[in-house]
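> My structure file final.cif, mmCIF, C-alpha atoms and all ligand atoms, is below:
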```cif
data_my_file
loop_
_atom_site.label_atom_id
_atom_site.label_comp_id
_atom_site.auth_asym_id
_atom_site.auth_seq_id
_atom_site.Cartn_x
_atom_site.Cartn_y
_atom_site.Cartn_z
CA MET H 91 127.00 110.10 56.02
CA LYS H 92 127.92 112.23 59.01
CA ILE H 93 128.69 109.80 61.82
CA LEU H 94 129.21 110.50 65.51
CA ILE H 95 130.98 107.82 67.55
CA ILE H 96 130.97 107.92 71.35
CA LEU H 97 133.49 105.76 73.24
CA ALA H 98 132.98 104.88 76.91
CA HIS H 99 136.06 102.90 78.00
CA PRO H 100 138.84 104.02 80.34
CA GLU H 101 141.70 102.07 78.69
CA GLU H 102 143.12 103.23 75.37
CA LYS H 103 144.52 99.72 74.61
CA SER H 104 141.20 98.01 75.34
CA PHE H 105 139.23 96.01 72.82
CA ASN H 106 136.53 98.68 72.93
CA ALA H 107 139.13 101.25 71.93
CA ALA H 108 140.18 98.93 69.08
CA MET H 109 136.54 98.74 67.92
CA PHE H 110 136.31 102.54 68.14
CA ASN H 111 139.58 103.15 66.24
CA THR H 112 138.61 100.57 63.61
CA ALA H 113 135.29 102.32 63.08
CA ILE H 114 136.92 105.73 62.68
CA SER H 115 139.49 104.53 60.17
CA ILE H 116 137.08 102.39 58.09
CA LEU H 117 134.28 104.95 58.00
CA GLU H 118 136.65 107.77 57.02
CA LYS H 119 138.20 105.55 54.32
CA GLU H 120 134.69 104.96 52.99
CA GLY H 121 134.21 108.71 52.62
CA HIS H 122 132.02 109.35 55.67
CA GLU H 123 132.55 112.39 57.87
CA VAL H 124 133.31 111.26 61.41
CA LYS H 125 133.19 113.14 64.71
CA THR H 126 133.98 111.49 68.02
CA THR H 127 133.71 111.86 71.76
CA ASP H 128 136.13 109.74 73.80
CA LEU H 129 134.49 110.23 77.19
CA TYR H 130 137.27 109.04 79.52
CA GLN H 131 140.03 110.59 77.39
CA GLU H 132 138.20 113.91 77.58
CA ASN H 133 137.69 113.52 81.34
CA TYR H 134 133.96 113.94 80.77
CA GLN H 135 132.08 114.96 83.91
CA PRO H 136 128.96 112.76 83.91
CA VAL H 137 127.12 114.02 86.99
CA SER H 138 123.98 115.75 85.84
CA GLY H 139 122.49 118.50 88.00
CA LYS H 140 122.74 122.21 88.73
CA GLY H 141 126.20 122.26 87.18
CA ASN H 142 124.61 121.72 83.74
CA PHE H 143 123.74 125.40 83.70
CA THR H 144 125.55 128.72 83.96
CA ARG H 145 122.54 130.26 85.73
CA LEU H 146 119.34 128.82 87.19
CA LYS H 147 115.75 129.95 86.65
CA ASN H 148 114.70 128.75 90.11
CA THR H 149 117.40 128.79 92.77
CA ASP H 150 114.97 127.63 95.50
CA TYR H 151 113.98 124.29 93.96
CA PHE H 152 115.94 122.53 91.22
CA LYS H 153 113.94 120.77 88.51
CA GLN H 154 116.21 119.69 85.68
CA GLN H 155 113.64 119.65 82.88
CA ASP H 156 112.34 123.14 83.76
CA GLU H 157 115.90 124.42 83.81
CA GLU H 158 116.58 122.76 80.44
CA VAL H 159 113.68 124.58 78.81
CA PHE H 160 114.86 127.85 80.41
CA ALA H 161 118.44 127.19 79.31
CA LEU H 162 117.33 126.71 75.72
CA GLN H 163 115.60 130.11 75.76
CA GLN H 164 118.30 131.95 77.71
CA SER H 165 121.43 130.14 76.42
CA THR H 166 122.46 129.04 79.89
CA PHE H 167 123.73 125.53 79.12
CA MET H 168 127.35 124.85 80.05
CA PRO H 169 129.66 124.73 77.01
CA ASP H 170 130.29 120.96 77.28
CA ILE H 171 126.57 120.31 76.87
CA ILE H 172 126.27 122.64 73.89
CA SER H 173 129.23 121.07 72.08
CA GLU H 174 127.87 117.52 72.52
CA GLN H 175 124.36 118.58 71.48
CA GLU H 176 125.79 120.16 68.35
CA LYS H 177 127.50 116.88 67.43
CA VAL H 178 124.27 114.91 67.88
CA GLU H 179 122.35 117.44 65.78
CA TRP H 180 125.08 117.35 63.11
CA CYS H 181 125.14 113.58 62.65
CA ASP H 182 123.05 111.30 60.45
CA MET H 183 124.10 108.29 62.50
CA MET H 184 125.38 107.80 66.02
CA ILE H 185 127.36 104.80 67.29
CA TRP H 186 127.90 104.16 71.01
CA GLN H 187 130.91 101.92 71.70
CA PHE H 188 130.97 100.52 75.25
CA PRO H 189 131.50 97.47 77.47
CA LEU H 190 128.26 96.20 78.99
CA TYR H 191 128.25 97.24 82.68
CA TRP H 192 125.54 95.74 84.88
CA PHE H 193 123.37 95.01 81.83
CA SER H 194 123.57 98.65 80.80
CA VAL H 195 125.88 101.43 79.61
CA PRO H 196 128.80 102.54 81.82
CA ALA H 197 127.91 105.42 84.16
CA ILE H 198 130.00 107.90 82.18
CA LEU H 199 127.83 107.28 79.11
CA LYS H 200 124.63 107.35 81.15
CA GLY H 201 125.72 110.75 82.46
CA TRP H 202 126.33 111.94 78.90
CA ILE H 203 122.77 110.83 78.02
CA ASP H 204 121.30 112.55 81.10
CA LYS H 205 123.08 115.82 80.29
CA VAL H 206 122.90 115.98 76.49
CA PHE H 207 119.34 114.93 75.62
CA THR H 208 117.58 117.91 77.11
CA MET H 209 113.87 118.68 77.16
CA GLY H 210 112.74 121.19 74.57
CA LYS H 211 115.63 120.36 72.25
CA PHE H 212 115.62 116.55 71.92
CA TYR H 213 112.12 115.72 73.19
CA ASP H 214 109.03 117.59 74.28
CA ASN H 215 105.31 117.20 74.73
CA GLY H 216 104.22 115.06 71.78
CA LYS H 217 107.71 115.29 70.26
CA ILE H 218 108.73 111.69 70.90
CA PHE H 219 109.07 108.45 68.92
CA GLY H 220 107.77 109.08 65.37
CA ASN H 221 107.44 112.82 66.08
CA GLY H 222 110.79 113.10 67.85
CA PHE H 223 113.40 115.69 66.94
CA SER H 224 115.83 112.98 65.78
CA VAL H 225 113.53 111.30 63.25
CA GLY H 226 115.59 110.42 60.18
CA LYS H 227 118.74 109.77 62.20
CA LYS H 228 120.12 106.30 62.90
CA ALA H 229 121.69 104.92 66.06
CA MET H 230 123.68 101.76 66.70
CA LEU H 231 124.99 100.22 69.91
CA SER H 232 128.36 98.49 69.60
CA LEU H 233 129.18 96.64 72.79
CA THR H 234 131.28 93.94 74.35
CA THR H 235 130.29 91.59 77.14
CA GLY H 236 132.13 89.56 79.73
CA GLY H 237 129.48 86.84 79.74
CA PRO H 238 129.33 84.22 76.99
CA GLU H 239 126.73 84.32 74.22
CA LYS H 240 124.94 81.22 75.51
CA ASN H 241 124.00 83.09 78.70
CA TYR H 242 122.36 85.80 76.60
CA VAL H 243 120.18 83.46 74.58
CA ASP H 244 118.80 81.30 77.35
CA ALA H 245 116.94 82.30 80.46
CA LYS H 246 120.06 82.77 82.58
CA TYR H 247 120.68 86.46 81.76
CA GLY H 248 117.74 87.04 79.43
CA ASP H 249 118.25 87.61 75.74
CA ILE H 250 120.38 90.54 74.67
CA GLN H 251 117.52 92.35 72.87
CA SER H 252 115.54 92.42 76.12
CA ILE H 253 118.56 93.72 78.00
CA LEU H 254 119.10 96.46 75.42
CA PHE H 255 115.37 97.32 75.22
CA PRO H 256 115.51 100.19 77.75
CA ILE H 257 118.30 101.82 75.71
CA HIS H 258 116.79 101.09 72.28
CA ARG H 259 113.23 102.00 73.19
CA GLY H 260 113.49 104.24 76.24
CA ILE H 261 116.25 106.46 74.90
CA LEU H 262 116.98 106.13 71.18
CA GLU H 263 113.55 105.44 69.69
CA PHE H 264 111.96 107.74 72.27
CA LEU H 265 114.07 110.54 70.79
CA GLY H 266 113.11 109.53 67.23
CA PHE H 267 116.25 107.64 66.17
CA SER H 268 115.86 104.52 64.05
CA VAL H 269 117.75 101.74 65.75
CA VAL H 270 120.22 99.72 63.70
CA GLU H 271 120.93 96.09 64.70
CA PRO H 272 123.50 96.24 67.52
CA GLU H 273 127.05 94.93 67.16
CA VAL H 274 127.64 92.60 70.12
CA VAL H 275 130.98 90.94 70.85
CA TYR H 276 130.41 88.32 73.51
CA SER H 277 132.97 87.26 76.06
CA VAL H 278 135.74 89.22 74.40
CA GLU H 279 138.36 88.53 77.08
CA ARG H 280 137.99 84.77 76.53
CA LEU H 281 138.55 84.94 72.78
CA SER H 282 141.95 84.06 71.35
CA GLU H 283 144.06 86.72 69.66
CA ALA H 284 143.13 85.22 66.29
CA GLU H 285 139.41 85.24 67.13
CA ARG H 286 139.61 88.88 68.15
CA GLU H 287 141.27 89.71 64.82
CA ILE H 288 138.35 88.02 63.05
CA VAL H 289 135.87 90.03 65.13
CA LEU H 290 137.59 93.29 64.13
CA GLY H 291 137.65 92.13 60.49
CA ASN H 292 133.92 91.39 60.57
CA TRP H 293 133.25 94.77 62.21
CA SER H 294 135.21 96.45 59.39
CA LYS H 295 133.26 94.56 56.73
CA ARG H 296 129.97 95.52 58.35
CA LEU H 297 130.95 99.18 58.47
CA ILE H 298 132.08 99.20 54.84
CA ASN H 299 128.52 98.21 53.91
CA ILE H 300 126.72 100.15 56.62
CA GLU H 301 124.91 102.52 54.29
CA GLU H 302 123.59 99.63 52.21
CA GLU H 303 122.64 97.70 55.36
CA ILE H 304 120.73 100.68 56.70
CA SER H 305 118.89 101.30 53.45
CA GLN H 306 117.81 97.64 53.27
CA ARG H 307 117.34 96.64 56.86
CA THR H 308 116.74 99.53 59.19
CA THR H 309 114.00 98.36 61.43
CA GLU H 310 112.82 99.42 64.79
CA GLN H 311 114.58 96.87 66.95
CA THR H 312 111.79 96.76 69.43
CA GLY H 313 109.17 96.12 66.78
CA LEU H 314 107.00 98.81 68.37
CA LYS H 315 105.78 101.97 66.66
P1 LIG T 1 139.70 94.18 77.15
O1 LIG T 1 140.03 93.43 78.39
O2 LIG T 1 140.23 95.56 77.00
O3 LIG T 1 140.15 93.38 75.87
C1 LIG T 1 140.08 91.99 75.77
C2 LIG T 1 141.37 91.53 75.12
O4 LIG T 1 141.47 92.06 73.79
C3 LIG T 1 142.63 92.00 75.86
O5 LIG T 1 143.51 90.92 75.98
C4 LIG T 1 143.21 93.05 74.93
O6 LIG T 1 144.60 93.15 75.03
C5 LIG T 1 142.78 92.51 73.58
N1 LIG T 1 142.84 93.49 72.49
C6 LIG T 1 142.81 94.84 72.57
N2 LIG T 1 142.96 95.38 71.35
C7 LIG T 1 143.04 94.36 70.48
C8 LIG T 1 143.20 94.29 69.08
N3 LIG T 1 143.30 95.39 68.34
N4 LIG T 1 143.24 93.08 68.50
C9 LIG T 1 143.14 91.94 69.24
N5 LIG T 1 143.03 91.96 70.58
C10 LIG T 1 142.96 93.15 71.20
N6 LIG T 1 129.81 91.67 81.50
C11 LIG T 1 128.59 91.16 81.19
O7 LIG T 1 128.49 90.26 80.35
N7 LIG T 1 127.45 91.67 81.77
C12 LIG T 1 127.50 92.68 82.68
O8 LIG T 1 126.46 93.12 83.16
C13 LIG T 1 128.77 93.21 83.04
N8 LIG T 1 128.88 94.19 83.96
C14 LIG T 1 130.10 94.70 84.25
C15 LIG T 1 130.19 95.76 85.16
C16 LIG T 1 131.41 96.32 85.45
C17 LIG T 1 131.47 97.48 86.40
C18 LIG T 1 132.58 95.83 84.83
C19 LIG T 1 133.93 96.44 85.13
C20 LIG T 1 132.51 94.79 83.93
C21 LIG T 1 131.27 94.22 83.61
N9 LIG T 1 131.16 93.20 82.68
C22 LIG T 1 129.93 92.67 82.40
C23 LIG T 1 132.33 92.73 81.91
C24 LIG T 1 132.65 93.70 80.78
O9 LIG T 1 131.52 93.88 79.92
C25 LIG T 1 133.83 93.18 79.94
O10 LIG T 1 134.93 93.13 80.81
C26 LIG T 1 134.13 94.06 78.76
O11 LIG T 1 133.04 94.02 77.85
C27 LIG T 1 135.39 93.60 78.02
O12 LIG T 1 135.71 94.55 77.03
P2 LIG T 1 137.10 95.36 77.12
O13 LIG T 1 137.19 96.30 75.96
O14 LIG T 1 137.27 95.96 78.47
O15 LIG T 1 138.11 94.17 76.96
#
```
The structure in this file should be written as structure tokens.

Amino acid sequence: MKILIILAHPEEKSFNAAMFNTAISILEKEGHEVKTTDLYQENYQPVSGKGNFTRLKNTDYFKQQDEEVFALQQSTFMPDIISEQEKVEWCDMMIWQFPLYWFSVPAILKGWIDKVFTMGKFYDNGKIFGNGFSVGKKAMLSLTTGGPEKNYVDAKYGDIQSILFPIHRGILEFLGFSVVEPEVVYSVERLSEAEREIVLGNWSKRLINIEEEISQRTTEQTGLK
């Protein structure tokens, strides 16, 4: 498979970076082609707006989606947007590796989403969900939390699938991706060194079998069509 992995963590010695590096090395060893974007390392500029474009269609009133459609016709996207879009179009599967921030993705990854998934290219009138441009591609969230697992299964925080629903349904499935069961490492800072080694070992084992897992178990996480 062609696999794109996006990392959103500012520290290269972090556990998220270890998950990211493990994924690259295991997937390449298994014969997959891997491309990556390390957002902080690349000093990715996440603020989406007029700066997404080299030239605007309407300089009096900025409407991002109108400018996106214009940019597709006139090739006026900034180069950083084009290079990330090309990676998404290239891949069969995308993995986002991130720490959960405020029950969501870190802002740098949200900015990447806002900039990269442009109207006309990744979604359009009627080109969503089962008719989306990314139908046939897979996507998996791989995340760590500060909070313990028990808080994500009872009513305290809400269950993790509900927390991830806006990302699974509102972004990935909306675009046509099939969502693969997320990899969630709870309370990673409170694990012992040995427990973290086991987590990385289990992540490696899962990735070794990822193609088989996908062929057997790919489901729409949300259960909606
Ligand atoms: P790190 O602190 O980098 O790593 C944990 C430990 O693993 C460290 O001791 C590190 O040295 C060690 N380690 C690194 N590499 C390896 C390796 N190869 N093998 C073994 N050990 C290794 N949490 C929630 O639950 N819900 C929230 O909504 C939430 N919101 C947040 C919002 C913000 C703005 C912030 C800053 C944090 C938030 N958190 C939240 C907490 C956050 O999700 C966790 O701090 C984060 O997931 C921990 O992951 P990390 O990669 O940063 O861990």
> Can you check which parts of chain H lie within 6 Å of ligand LIG 1 (chain T)? Per residue, the shortest pair of atoms and distance in Å to one decimal, counting only C-alpha atoms and all ligand atoms, sorted by chain and number, as a Markdown table.

```
| residue | atom | partner | partner_atom | distance |
| --- | --- | --- | --- | --- |
| H:Lys103 | CA | T:LIG1 | C6 | 5.6 |
| H:Ser104 | CA | T:LIG1 | O2 | 3.1 |
| H:Phe105 | CA | T:LIG1 | O13 | 3.8 |
| H:Asn106 | CA | T:LIG1 | O13 | 3.9 |
| H:Ala108 | CA | T:LIG1 | N3 | 4.8 |
| H:Pro189 | CA | T:LIG1 | O11 | 3.8 |
| H:Leu190 | CA | T:LIG1 | O9 | 4.1 |
| H:Tyr191 | CA | T:LIG1 | N8 | 3.4 |
| H:Trp192 | CA | T:LIG1 | O8 | 3.3 |
| H:Phe193 | CA | T:LIG1 | O8 | 3.9 |
| H:Thr234 | CA | T:LIG1 | O11 | 3.9 |
| H:Thr235 | CA | T:LIG1 | O11 | 3.7 |
| H:Gly236 | CA | T:LIG1 | N6 | 3.6 |
| H:Gly237 | CA | T:LIG1 | O7 | 3.6 |
| H:Val278 | CA | T:LIG1 | C1 | 5.3 |
| H:Glu279 | CA | T:LIG1 | C1 | 4.1 |
| H:Glu283 | CA | T:LIG1 | C9 | 5.3 |
| H:Arg286 | CA | T:LIG1 | C9 | 4.8 |
| H:Glu287 | CA | T:LIG1 | C9 | 5.3 |
```
> What is the CA of Ser232 in chain H to CA of Gly201 in chain H distance in Å?
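We find that CA of Ser232 in chain H and CA of Gly201 in chain H lie 18.0 Å from each other.
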> Taking (131.2, 113.3, 64.6) in the file's own coordinates, collect the residues within 9 Å, counting only C-alpha atoms, and hand them back as a compact mmCIF listing (two decimals) with C-alpha atoms, in the frame of the given file.

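Contents of the output file point_26.txt:
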```txt
# COMPACT_ATOMS: atom_id res chain seq x y z
CA LYS H 92 127.92 112.23 59.01
CA ILE H 93 128.69 109.80 61.82
CA LEU H 94 129.21 110.50 65.51
CA ILE H 95 130.98 107.82 67.55
CA ILE H 96 130.97 107.92 71.35
CA GLU H 123 132.55 112.39 57.87
CA VAL H 124 133.31 111.26 61.41
CA LYS H 125 133.19 113.14 64.71
CA THR H 126 133.98 111.49 68.02
CA THR H 127 133.71 111.86 71.76
CA LYS H 177 127.50 116.88 67.43
CA VAL H 178 124.27 114.91 67.88
CA TRP H 180 125.08 117.35 63.11
CA CYS H 181 125.14 113.58 62.65
CA MET H 183 124.10 108.29 62.50
CA MET H 184 125.38 107.80 66.02
```
> Closest to Met91 in chain H among H:Gly220, H:Gly248, H:Gly121, H:Gly260, using only C-alpha atoms?
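Among the listed residues, the smallest separation from Met91 in chain H belongs to H:Gly121.
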> Which is closest to Glu273 in chain H among H:Gln164, H:Gln154, H:Gln251, H:Ser224, if we use all atoms listed in the file?
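Ranked by minimum distance to Glu273 in chain H, first place goes to H:Gln251.
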> Using only C-alpha atoms, which of H:Lys153, H:Phe219, H:Asn142, H:Gly226 sits nearest Arg259 in chain H?
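Of all the options, H:Phe219 lies closest to Arg259 in chain H.
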> List the spatial neighbours of Ser294 in chain H as a list in words - criterion: any atom at most 8 Å away, all atoms listed in the file, same-chain residues fewer than 2 positions off excluded.
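Skipping anything fewer than 2 positions along the chain leaves Thr112, Ala113, Ile116, Leu290, Gly291, Asn292, Arg296, Leu297 and Ile298 of chain H.
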> Quick one: everything within 9 Å of range 130-140 of chain H, counting all atoms listed in the file, minus sequence neighbours fewer than 6 positions away in the same chain. Send it as a ChimeraX atom specification.
/H:97-102,146,152-154,157,170,197-205
> Could you state the separation of CA of Phe188 in chain H and CA of Leu231 in chain H in Å, given to one decimal place?
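We find that CA of Phe188 in chain H and CA of Leu231 in chain H lie 8.0 Å from each other.
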